[in-house]
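Here is work_34.txt, consisting of compact mmCIF, C-alpha atoms:
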# COMPACT_ATOMS: atom_id res chain seq x y z
CA MET A 198 161.30 55.16 52.74
CA GLU A 199 164.60 53.49 52.48
CA GLN A 200 165.72 50.62 50.37
CA TYR A 201 168.60 48.47 51.39
CA ALA A 202 170.41 46.85 48.56
CA THR A 203 172.27 43.59 48.62
CA LEU A 204 173.92 42.64 51.83
CA ASP A 205 175.57 39.29 51.75
CA ALA A 206 177.41 36.88 49.56
CA THR A 207 174.47 34.52 49.15
CA TYR A 208 172.51 37.06 47.16
CA VAL A 209 172.43 36.46 43.42
CA PRO A 210 172.07 39.77 41.59
CA PRO A 211 169.82 40.14 38.55
CA ALA A 212 171.15 38.65 35.38
CA ILE A 213 173.66 36.45 37.06
CA ILE A 214 172.95 32.77 36.79
CA LEU A 215 175.61 30.24 37.55
CA VAL A 216 175.19 27.82 34.72
CA ALA A 217 177.45 25.29 36.34
CA ASP A 218 174.92 24.96 39.15
CA GLU A 219 172.22 23.73 36.81
CA PRO A 220 171.84 19.96 36.38
CA TYR A 221 172.39 19.97 32.63
CA GLY A 222 175.51 22.10 32.92
CA TRP A 223 177.34 19.81 35.28
CA LYS A 224 179.63 17.94 32.96
CA ASN A 225 182.91 18.20 34.78
CA THR A 226 183.99 20.94 32.47
CA VAL A 227 186.57 23.54 33.38
CA THR A 228 184.50 26.38 32.00
CA ARG A 229 182.00 28.34 34.07
CA TYR A 230 179.70 30.99 32.71
CA ILE A 231 178.73 34.02 34.70
CA LEU A 232 176.11 36.23 33.16
CA GLN A 233 176.29 39.91 33.80
CA ALA A 234 174.37 42.96 32.77
CA VAL A 235 176.16 45.52 30.67
CA GLU A 236 175.96 48.36 33.13
CA GLU A 237 174.35 48.31 36.54
CA ALA A 238 174.83 45.13 38.44
CA PRO A 239 173.33 45.54 41.89
CA GLY A 240 175.28 43.41 44.23
CA THR A 241 178.72 44.00 42.88
CA HIS A 242 179.50 46.01 46.00
CA VAL A 243 178.84 43.00 48.18
CA LYS A 244 182.02 41.85 49.74
CA GLY A 245 181.12 38.80 51.72
CA SER A 246 179.50 37.43 54.77
CA SER A 247 180.43 37.98 58.36
CA SER A 248 181.89 34.55 58.87
CA LYS A 249 184.70 35.47 56.53
CA GLY A 250 185.51 38.48 58.66
CA GLU A 251 184.75 40.90 55.85
CA GLY A 252 182.41 43.84 56.00
CA ALA A 253 179.09 43.89 54.22
CA PHE A 254 177.59 47.00 52.70
CA TYR A 255 174.20 48.33 51.91
CA GLU A 256 172.95 51.37 50.10
CA ARG A 257 169.75 53.32 50.33
CA SER A 258 167.35 54.77 47.85
CA SER A 259 163.71 55.75 47.79
CA LEU A 260 161.18 53.66 45.95
CA PRO A 261 157.78 55.36 45.67
CA VAL A 262 155.76 52.16 45.88
CA LEU A 263 157.36 51.11 49.17
CA THR A 264 156.82 54.59 50.58
CA ALA A 265 153.17 54.33 49.57
CA LEU A 266 152.85 50.85 51.10
CA LYS A 267 154.34 51.97 54.39
CA ARG A 268 152.04 54.97 54.52
CA LEU A 269 149.01 52.85 53.73
CA ARG A 270 149.83 50.40 56.51
CA ALA A 271 150.50 53.27 58.91
CA PHE A 272 146.84 54.28 58.55
CA LYS A 273 145.98 51.16 60.57
CA GLY A 274 146.97 53.00 63.71
CA TRP A 275 144.76 56.02 63.03
CA GLU A 276 141.79 56.41 65.30
CA ARG A 277 138.36 57.91 64.85
CA ASN A 278 138.26 61.67 64.28
CA TRP A 279 141.75 61.63 62.77
CA ASP A 280 140.80 64.67 60.67
CA ALA A 281 139.23 66.55 63.60
CA GLU A 282 136.00 66.50 61.63
CA GLY A 283 134.58 63.26 62.92
CA ALA A 284 135.91 60.90 60.24
CA PRO A 285 135.67 57.21 61.15
CA ALA A 286 138.81 55.21 61.81
CA PRO A 287 140.14 53.39 58.73
CA ASP A 288 139.11 49.75 58.58
CA GLY A 289 142.02 47.29 58.84
CA ASP A 290 140.65 44.79 56.33
CA THR A 291 139.91 47.53 53.81
CA LEU A 292 143.45 48.85 54.24
CA GLU A 293 144.85 45.36 53.61
CA ALA A 294 142.74 45.12 50.45
CA ALA A 295 144.10 48.54 49.49
CA THR A 296 147.67 47.23 49.74
CA LYS A 297 146.74 44.65 47.11
CA VAL A 298 145.16 47.33 44.93
CA LEU A 299 148.28 49.46 45.38
CA GLY A 300 150.54 46.58 44.34
CA LEU A 301 148.44 45.86 41.25
CA LEU A 302 148.27 49.53 40.24
CA ALA A 303 152.00 49.99 40.85
CA VAL A 304 152.81 47.42 38.19
CA TYR A 305 151.93 50.28 35.81
CA ALA A 306 152.10 53.49 37.83
CA VAL A 307 152.56 54.30 41.50
CA PRO A 308 149.70 56.34 43.01
CA GLN A 309 149.73 58.67 45.98
CA VAL A 310 147.90 57.21 48.95
CA GLY A 311 145.53 58.93 51.34
CA LEU A 312 142.19 58.58 53.09
CA ASP A 313 138.90 60.12 52.07
CA SER A 314 136.58 61.80 54.54
CA GLU A 315 134.95 58.42 55.26
CA GLY A 316 138.30 56.96 56.31
CA ARG A 317 138.54 54.84 53.18
CA PRO A 318 141.89 54.40 51.44
CA MET A 319 142.18 56.47 48.30
CA LEU A 320 144.87 55.98 45.64
CA THR A 321 145.38 59.03 43.50
CA PHE A 322 147.15 59.61 40.18
CA ASP A 323 148.24 63.12 39.47
CA GLY A 324 150.47 62.96 36.40
CA ASP A 325 149.69 62.28 32.77
CA LEU A 326 147.10 59.90 34.11
CA ARG A 327 144.73 61.75 36.42
CA GLY A 328 142.19 60.01 38.57
CA GLU A 329 141.60 58.06 41.72
CA VAL A 330 140.72 54.62 43.03
CA THR A 331 138.92 54.39 46.38
CA VAL A 332 138.77 51.08 48.19
CA THR A 333 135.30 51.26 49.68
CA THR A 334 135.20 47.84 51.36
CA PRO A 335 137.57 44.82 51.33
CA GLN A 336 135.55 43.52 48.37
CA THR A 337 134.64 46.67 46.43
CA LEU A 338 136.25 49.71 44.92
CA ASP A 339 135.29 52.92 43.13
CA TYR A 340 137.38 54.48 40.40
CA PHE A 341 137.11 57.78 38.68
CA PHE A 342 139.25 58.91 35.73
CA GLU A 343 137.42 61.89 34.27
CA ASP A 344 139.87 62.66 31.42
CA ALA A 345 139.57 59.10 30.17
CA ASP A 346 135.83 59.02 30.79
CA LEU A 347 136.22 55.91 32.95
CA PHE A 348 134.14 55.35 36.06
CA GLY A 349 133.30 52.43 38.29
CA TYR A 350 131.15 52.38 41.42
CA GLU A 351 131.09 49.60 43.99
CA THR A 352 132.98 47.41 41.53
CA PRO A 353 133.71 43.95 42.95
CA PHE A 354 137.36 43.31 43.82
CA ASP A 355 138.37 39.71 44.48
CA GLY A 356 141.83 40.55 45.78
CA LEU A 357 143.41 39.05 42.68
CA ALA A 358 142.84 41.38 39.76
CA LEU A 359 141.78 44.93 38.98
CA PRO A 360 138.73 45.56 36.76
CA GLY A 361 139.53 44.96 33.09
CA ASP A 362 138.73 48.47 31.87
CA LEU A 363 141.00 49.96 34.55
CA ILE A 364 143.87 47.66 33.55
CA ALA A 365 143.35 48.64 29.92
CA LEU A 366 143.57 52.32 30.83
CA LEU A 367 146.70 51.79 32.91
CA ARG A 368 148.37 49.85 30.10
CA GLN A 369 147.43 52.48 27.60
CA SER A 370 148.85 55.23 29.80
CA ALA A 371 152.04 53.40 30.77
CA MET B 256 137.53 45.67 61.80
CA SER B 257 141.09 44.64 62.66
CA PRO B 258 142.28 45.56 66.11
CA VAL B 259 144.65 48.48 66.18
CA GLN B 260 148.08 47.41 67.34
CA SER B 261 148.35 49.36 70.53
CA SER B 262 151.78 48.30 71.64
CA ALA B 263 154.80 47.31 69.61
CA PRO B 264 156.40 43.99 70.44
CA GLY B 265 159.60 44.19 72.46
CA ALA B 266 161.79 43.32 69.51
CA ALA B 267 160.47 46.37 67.65
CA THR B 268 162.40 48.57 70.07
CA PHE B 269 165.67 47.26 68.70
CA TRP B 270 164.89 45.91 65.24
CA THR B 271 162.92 46.93 62.19
CA PRO B 272 161.85 45.00 59.12
CA LEU B 273 163.47 46.43 56.01
CA HIS B 274 160.40 48.28 54.77
CA GLY B 275 158.69 49.16 58.00
CA SER B 276 155.72 46.94 57.28
CA HIS B 277 157.47 44.11 55.50
CA ALA B 278 160.96 42.69 55.37
CA ILE B 279 161.25 41.51 51.77
CA GLN B 280 164.34 42.94 50.18
CA VAL B 281 164.27 40.79 47.08
CA ALA B 282 161.75 38.44 45.51
CA ALA B 283 162.70 36.50 42.40
CA ALA B 284 161.08 33.90 40.17
CA THR B 285 163.19 31.85 37.77
CA LEU B 286 162.15 29.43 35.08
CA THR B 287 165.13 27.41 33.89
CA PHE B 288 165.05 25.45 30.65
CA ALA B 289 166.08 21.80 30.48
CA GLU B 290 168.70 22.75 27.92
CA PRO B 291 169.86 26.08 26.50
CA ILE B 292 167.68 27.63 23.81
CA THR B 293 169.03 29.34 20.70
CA SER B 294 169.51 33.08 20.36
CA PHE B 295 166.64 33.07 17.87
CA ILE B 296 164.24 31.71 20.49
CA VAL B 297 165.59 34.22 23.04
CA ALA B 298 164.79 36.97 20.55
CA ARG B 299 161.31 35.58 19.93
CA ILE B 300 160.56 35.46 23.65
CA SER B 301 161.94 38.97 24.08
CA ASP B 302 159.66 40.20 21.27
CA ALA B 303 156.68 38.45 22.84
CA VAL B 304 157.14 40.03 26.28
CA ARG B 305 158.52 43.43 25.27
CA ALA B 306 155.20 45.26 25.17
CA HIS B 307 154.09 43.95 28.57
CA ALA B 308 157.46 44.60 30.14
CA LYS B 309 157.54 48.18 28.91
CA GLN B 310 153.95 48.87 29.87
CA ALA B 311 154.83 47.63 33.32
CA GLY B 312 157.64 50.16 33.60
CA LEU B 313 160.58 47.97 32.65
CA VAL B 314 161.54 50.43 29.96
CA LYS B 315 165.29 50.02 29.88
CA GLU B 316 166.37 47.31 27.49
CA GLU B 317 169.92 46.05 27.21
CA THR B 318 171.82 43.04 26.01
CA VAL B 319 173.15 40.66 28.62
CA LYS B 320 176.79 39.74 28.24
CA VAL B 321 178.31 36.42 29.12
CA THR B 322 181.85 36.10 30.33
CA ALA B 323 183.44 32.69 30.05
CA PHE B 324 186.12 31.90 32.59
CA GLU B 325 188.64 29.17 32.21
CA VAL B 326 189.34 27.61 35.56
CA ALA B 327 192.29 25.28 35.87
CA ALA B 328 193.79 23.77 38.99
CA GLY B 329 196.39 25.98 40.62
CA GLN B 330 195.72 28.94 38.37
CA ALA B 331 193.64 32.06 38.70
CA PRO B 332 190.42 32.06 36.65
CA LYS B 333 190.99 33.62 33.25
CA ALA B 334 188.29 35.38 31.22
CA VAL B 335 188.40 33.84 27.78
CA ASN B 336 185.40 35.22 25.97
CA VAL B 337 182.66 37.85 26.26
CA SER B 338 179.59 37.63 24.07
CA ASP B 339 175.92 38.62 23.86
CA HIS B 340 173.74 36.34 25.87
CA GLY B 341 170.13 37.40 26.07
CA MET B 342 168.05 40.42 26.95
CA LYS B 343 167.35 42.36 30.10
CA PHE B 344 164.37 44.65 30.67
CA SER B 345 164.64 46.78 33.76
CA GLU B 346 163.18 49.66 35.68
CA VAL B 347 165.68 52.19 36.99
CA VAL B 348 164.79 54.51 39.85
CA GLY B 349 167.50 56.78 41.20
CA GLY B 350 170.36 54.50 40.29
CA VAL B 351 168.89 51.26 41.59
CA ILE B 352 167.09 48.60 39.60
CA PRO B 353 163.93 47.83 41.53
CA ARG B 354 162.65 45.37 38.95
CA ALA B 355 164.35 43.39 36.23
CA LEU B 356 163.30 40.73 33.77
CA VAL B 357 166.13 38.75 32.20
CA ILE B 358 165.83 36.32 29.32
CA THR B 359 168.87 34.22 28.53
CA PRO B 360 169.39 30.89 26.73
CA GLU B 361 169.32 29.18 30.13
CA ALA B 362 166.44 30.82 31.92
CA ILE B 363 163.88 33.57 32.42
CA ARG B 364 164.21 35.40 35.70
CA PHE B 365 162.08 38.18 37.14
CA GLU B 366 163.31 39.93 40.22
CA THR B 367 161.96 42.82 42.24
CA GLN B 368 163.24 44.92 45.08
CA SER B 369 159.94 46.78 45.29
CA TYR B 370 157.75 43.88 46.36
CA THR B 371 154.39 44.90 47.77
CA ARG B 372 152.02 41.94 47.67
CA TRP B 373 152.17 38.47 46.15
CA VAL B 374 149.12 39.22 44.03
CA ALA B 375 150.99 42.02 42.20
CA PHE B 376 154.11 39.93 41.71
CA GLN B 377 152.02 37.08 40.37
CA SER B 378 150.00 39.38 38.12
CA PHE B 379 153.16 40.61 36.41
CA LEU B 380 154.54 37.08 36.11
CA MET B 381 151.32 35.98 34.49
CA SER B 382 151.44 38.75 31.89
CA ILE B 383 154.99 37.76 30.97
CA MET B 384 154.34 34.01 30.94
CA ASP B 385 151.27 34.48 28.75
CA GLY B 386 153.61 35.72 26.04
CA ALA B 387 156.65 33.59 26.73
CA LEU B 388 155.35 30.18 27.65
CA PRO B 389 153.80 29.19 24.29
CA ILE B 390 157.15 29.85 22.62
CA ILE B 391 159.05 27.98 25.32
CA ALA B 392 156.66 25.02 25.19
CA ASN B 393 157.31 24.68 21.45
CA SER B 394 161.06 24.86 21.84
CA VAL B 395 162.32 23.27 25.01
CA ALA B 396 161.30 21.35 28.13
CA ILE B 397 161.10 23.08 31.50
CA GLY B 398 164.08 22.15 33.68
CA GLN B 399 163.30 23.81 36.96
CA ILE B 400 161.16 26.51 38.49
CA SER B 401 162.13 28.45 41.54
CA LEU B 402 160.93 31.18 43.80
CA GLU B 403 163.22 33.02 46.16
CA TYR B 404 162.89 35.66 48.85
CA ILE B 405 165.45 37.56 50.84
CA ASP B 406 164.00 39.06 54.00
CA MET B 407 165.95 41.49 56.09
CA PHE B 408 165.74 42.96 59.56
CA ILE B 409 168.01 45.83 60.59
CA ALA B 410 169.00 46.87 64.10
CA LEU B 411 167.78 50.35 64.93
CA VAL B 412 170.79 51.21 67.07
CA PRO B 413 174.50 50.40 66.80
CA GLY B 414 176.15 47.61 68.73
CA ASP B 415 175.76 43.88 69.15
CA GLN B 416 171.98 43.76 69.14
CA ASP B 417 170.33 40.52 70.14
CA ALA B 418 169.56 38.47 67.02
CA GLY B 419 167.57 36.13 69.27
CA MET B 420 164.80 38.71 69.20
CA ILE B 421 164.35 38.01 65.49
CA LEU B 422 165.53 34.44 65.03
CA ASP B 423 164.03 31.54 66.94
CA ARG B 424 166.95 29.46 68.22
CA ARG B 425 164.66 26.46 68.59
CA SER B 426 163.93 26.45 64.86
CA ASP B 427 164.95 23.21 63.19
CA SER B 428 165.95 25.19 60.09
CA ILE B 429 168.81 26.85 61.98
CA ALA B 430 172.02 25.11 63.01
CA THR B 431 171.75 25.46 66.77
CA LYS B 432 175.51 25.06 67.18
CA ALA B 433 176.05 28.23 65.15
CA PHE B 434 173.44 30.32 66.92
CA ARG B 435 174.82 33.38 68.71
CA ARG B 436 172.79 36.17 70.23
CA ARG B 437 175.38 38.92 70.12
CA ASP B 438 177.95 37.78 67.55
CA PRO B 439 177.74 37.43 63.79
CA TRP B 440 177.17 33.94 62.40
CA HIS B 441 175.48 32.14 59.58
CA SER B 442 173.59 28.93 59.05
CA HIS B 443 172.92 27.76 55.52
CA SER B 444 170.94 24.63 54.86
CA GLY B 445 169.55 22.92 51.80
CA TRP B 446 167.83 19.65 51.12
CA PHE B 447 165.61 17.86 48.63
CA GLU B 448 162.02 16.85 49.13
CA ARG B 449 160.55 14.35 46.69
CA ILE B 450 157.24 15.61 45.29
CA THR B 451 156.45 13.22 42.45
CA PRO B 452 158.47 10.46 40.79
CA GLU B 453 159.18 12.99 38.06
CA SER B 454 160.22 15.94 40.17
CA ARG B 455 161.72 16.98 43.47
CA ARG B 456 162.04 20.20 45.42
CA LEU B 457 165.28 21.79 46.47
CA ILE B 458 164.81 23.88 49.57
CA ASN B 459 167.32 26.40 50.88
CA VAL B 460 167.08 28.32 54.12
CA ASP B 461 170.09 30.58 54.58
CA VAL B 462 170.30 32.72 57.69
CA ASN B 463 172.95 35.40 58.12
CA VAL B 464 173.61 37.60 61.10
CA LEU B 465 176.19 40.18 60.17
CA ASP B 466 177.24 43.79 60.42
CA ALA B 467 176.35 46.01 57.53
CA ASN B 468 177.89 49.36 56.69
CA GLY B 469 175.53 52.01 55.41
CA PRO B 470 174.57 55.66 55.61
CA ASP B 471 173.84 55.42 59.34
CA GLY B 472 177.07 53.63 60.06
CA GLU B 473 177.41 50.01 61.02
CA ARG B 474 174.29 48.11 62.03
CA ARG B 475 173.70 44.50 62.93
CA ALA B 476 171.48 42.91 60.28
CA VAL B 477 169.66 39.63 59.90
CA THR B 478 169.00 38.30 56.42
CA ILE B 479 166.99 35.21 55.67
CA ARG B 480 167.09 33.77 52.18
CA THR B 481 164.42 31.21 51.45
CA LEU B 482 164.45 29.43 48.12
CA GLU B 483 162.35 26.63 46.80
CA THR B 484 163.00 25.03 43.42
CA GLU B 485 161.02 22.34 41.69
CA GLN B 486 163.43 20.30 39.59
CA ILE B 487 162.01 18.24 36.76
CA LEU B 488 163.98 15.02 36.67
CA GLN B 489 162.47 13.71 33.44
CA PRO B 490 162.17 16.41 30.76
CA MET B 491 159.62 14.44 28.73
CA SER B 492 157.40 13.68 31.72
CA GLN B 493 153.80 14.72 32.19
CA ARG B 494 154.84 17.07 34.98
CA ALA B 495 157.13 18.95 32.57
CA LYS B 496 154.31 19.18 30.03
CA ASP B 497 151.85 20.42 32.65
CA LEU B 498 154.20 23.17 33.73
CA SER B 499 154.40 24.43 30.16
CA GLU B 500 150.85 25.73 30.62
CA VAL B 501 150.27 29.08 32.31
CA PRO B 502 147.62 27.95 34.86
CA ALA B 503 149.73 25.04 36.14
CA LEU B 504 152.82 27.20 36.31
CA LEU B 505 151.04 29.89 38.29
CA ALA B 506 149.54 27.27 40.59
CA LEU B 507 153.06 26.03 41.28
CA PHE B 508 154.29 29.55 42.01
CA ASP B 509 151.32 29.98 44.37
CA GLU B 510 152.29 26.78 46.15
CA LEU B 511 155.95 27.77 46.39
CA HIS B 512 154.93 31.15 47.77
CA ASP B 513 152.78 29.58 50.48
CA GLU B 514 155.53 27.15 51.44
CA LEU B 515 158.21 29.84 51.57
CA LYS B 516 156.06 31.83 53.96
CA ILE B 517 155.99 28.81 56.23
CA ARG B 518 159.77 28.33 55.88
CA LEU B 519 160.30 31.96 56.89
CA ARG B 520 157.84 31.78 59.75
CA ASP B 521 159.68 28.72 61.04
CA VAL B 522 162.88 30.64 61.71
CA LEU B 523 161.35 33.79 63.21
CA THR B 524 160.35 34.59 66.74
CA ARG B 525 156.79 35.48 67.57
CA ASP B 526 157.75 39.17 67.79
CA ALA B 527 159.44 39.15 64.40
CA ARG B 528 156.48 37.40 62.81
CA SER B 529 154.20 39.98 64.31
CA MET B 530 156.31 42.84 62.89
CA ILE B 531 155.70 41.63 59.36
CA SER B 532 152.13 40.41 59.87
CA LEU B 533 153.10 36.79 59.30
CA GLY B 534 150.88 35.39 62.02
CA THR B 535 151.80 34.58 65.57
In structure tokens, write the structure found in this file.
Amino acid sequence: MEQYATLDATYVPPAIILVADEPYGWKNTVTRYILQAVEEAPGTHVKGSSSKGEGAFYERSSLPVLTALKRLRAFKGWERNWDAEGAPAPDGDTLEAATKVLGLLAVYAVPQVGLDSEGRPMLTFDGDLRGEVTVTTPQTLDYFFEDADLFGYETPFDGLALPGDLIALLRQSA
Amino acid sequence: MSPVQSSAPGAATFWTPLHGSHAIQVAAATLTFAEPITSFIVARISDAVRAHAKQAGLVKEETVKVTAFEVAAGQAPKAVNVSDHGMKFSEVVGGVIPRALVITPEAIRFETQSYTRWVAFQSFLMSIMDGALPIIANSVAIGQISLEYIDMFIALVPGDQDAGMILDRRSDSIATKAFRRRDPWHSHSGWFERITPESRRLINVDVNVLDANGPDGERRAVTIRTLETEQILQPMSQRAKDLSEVPALLALFDELHDELKIRLRDVLTRDARSMISLGT
């Protein structure tokens, strides 16, 4: 998966806020403040927009969560018997719910994504934190973290928040 | 069960959203104070959010510097002072900063280049605001709240690819005079919408069609920056007080998110909307 960094002059990089643009700061003063991070400042390579006749640049890097998201969404195109053992096709709504679960998990740690033999999206952790979360339907999920003695079966998922005990484990492990 | 997309739209032959399944390069939420807070309050907020930020992977902590420039007519800007100016928590992956949380005397800003779903972005915001907002509410009024997205589509092959496959030239958010299919151009627009007597919304829709240099060589690219800011016109108003509470603040972010989706949809063609599952 590729990540394109800043491309044009309109982009405001992190940590840069033009104080003079804020209502309270507009006092006809000659001083402008530009905030900048000490080291990395994504966007400093941006040269300008096309209308000025200058080139724009982008860079690429891999971000695991975006790779996982792309892979998860790619499962939508998989048909029945994708494993040559008669597995059902993944359900589109369940996959969409899984993208929400992925996003919520990735706030703490990025899982690997796959499908189980029932064609259900499965998000797996294989580092210091070992376990898996399976999205069984758009509204339910199973999770299984043996080392931490944490299990949940057919746990309701409202699309907004992970189960509390799972969040606690993720926070503890982060 | 959702239907499997059996055939890609025509535009997908020539263009791709940035991340294959979505086009969001950057998402950022900013809460700006009505007046600058002291370094002591910045430190208190930083202390209150540190644990959450670090648990969420923003493990790198550094001081933000401010550079003051003196700008006088007819002269080049001159840097006159550099000083500490807040705290930045960030995640670093392979040299890029996918996520950063910045707390300065003027504002709190969270920005991500690894956006997946709104629910995850909002969940992190909530965990930060839970810690920060009580301190802010006791110290300063809210000045403005904004949410911003930059979406990007990249041409798959070199050359003057047709931006009309991505951008709808009939959109009223694009300056039709500027619109070119095969040449670079930009159209930036911004306006206010009055929401309540105490607040108004600043809306920006900036469209750029330009050539970008990268590892694959030069490619035509389309970027769409959508920004919506609620500006509190009366710092002591009820609206300002309401937004000092986490539920009201998150409800506002929800609303801004929904509206920005509509703003983006309004400038895209049916094919482009389909590529990023934005409805057709």
* To do: Kindly indicate which residue among B:Leu507, B:Ala282, B:Ile400, B:Ile517 lies nearest to Glu485 of chain B, using all atoms listed in the file for the distances.
  => B:Ile400
* To do: Mind giving me the straight-line distance from atom CA of Thr524 of chain B to atom CA of Arg424 of chain B in Å, one decimal?
  => 8.5 Å
* **Residues within 9 Å of Leu422 of chain B, all atoms listed in the file, excluding chain neighbours under 4 positions, as a VMD selection string** => chain B and resid 418 426 429 462 477 522 to 524 527
* Go ahead and compute the interatomic distance for atom CA of Leu511 of chain B and atom CA of Glu448 of chain B, in Å to one decimal. =>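 We find that atom CA of Leu511 of chain B and atom CA of Glu448 of chain B lie 12.8 Å from each other.
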* Atomic separation - atom CA of Arg277 of chain A relative to atom CA of Pro353 of chain A, Å ->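 Between atom CA of Pro353 of chain A and atom CA of Arg277 of chain A the gap is 26.4 Å.
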